[in-house]
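Taking it in order: structure first as structure tokens, then the write-up.
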Amino acid sequence: MSNFLFSIDSKSEEVIVSESPKGSNHINFIERISREDNEVLYNSVVTLTSITKSSDFDMSVFKSMDKVCQLVYTKYLGKFN
């Protein structure tokens, strides 16, 4: 099972989606999704990123927001299947 990894390209306003197979330190690029194509995912990943930059970083909050990003992306994928 893979874990999706998310980052923001602020210049192009895209979410960069990658995956890392469980137990591996290898990262595979999956796709770029423009803000226009999935505003909810974009905003979720922006929030996830801002949590990591917080001076009182809380791992439980980070994990919860990551789960939201995983869910939003999984639902996005479901639109194409």
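Residue numbering restarts at 1 in every chain; chains get A, B, ... in the order shown in the structure tokens, and ligands count up from 1 in that same order.
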Contacts of Val68 in chain A at 10 Å (only C-alpha atoms; same-chain gap of 6+ positions) as a PyMOL selection string
chain A and resi 41+44-45+48+62+74
Output N, CA and C atoms for every residue in that selection, as a compact mmCIF listing (two decimals), in the first residue's frame.
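Written out: selection_1.txt:
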```
# COMPACT_ATOMS: atom_id res chain seq x y z
N LEU A 41 -8.83 20.15 -2.97
CA LEU A 41 -7.54 19.51 -2.73
C LEU A 41 -6.44 20.56 -2.58
N SER A 44 -6.70 22.19 0.75
CA SER A 44 -6.35 21.23 1.80
C SER A 44 -4.84 21.09 1.93
N VAL A 45 -4.16 21.00 0.80
CA VAL A 45 -2.70 20.85 0.83
C VAL A 45 -2.04 22.15 1.30
N LEU A 48 -2.34 21.90 4.97
CA LEU A 48 -1.38 20.91 5.46
C LEU A 48 0.02 21.51 5.52
N PHE A 62 -1.49 17.56 12.25
CA PHE A 62 -0.90 17.28 10.95
C PHE A 62 -1.44 15.97 10.37
N THR A 74 -8.36 10.74 -3.02
CA THR A 74 -8.97 9.45 -3.36
C THR A 74 -10.33 9.66 -4.01
```
If you run DSSP on the backbone, which residues of chain A are strand (DSSP E), as a ChimeraX atom specification?
/A:2-9,14-21,28-34
One decimal, in Å: what's the spacing between CA of Val46 in chain A and CA of Val15 in chain A?
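So the answer is 8.9 Å.
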Could you check the closest approach to Arg35 in chain A for each of A:Glu14, A:Leu71, A:Asp9, A:Met65 and tell me which residue wins, using only C-alpha atoms?
A:Glu14
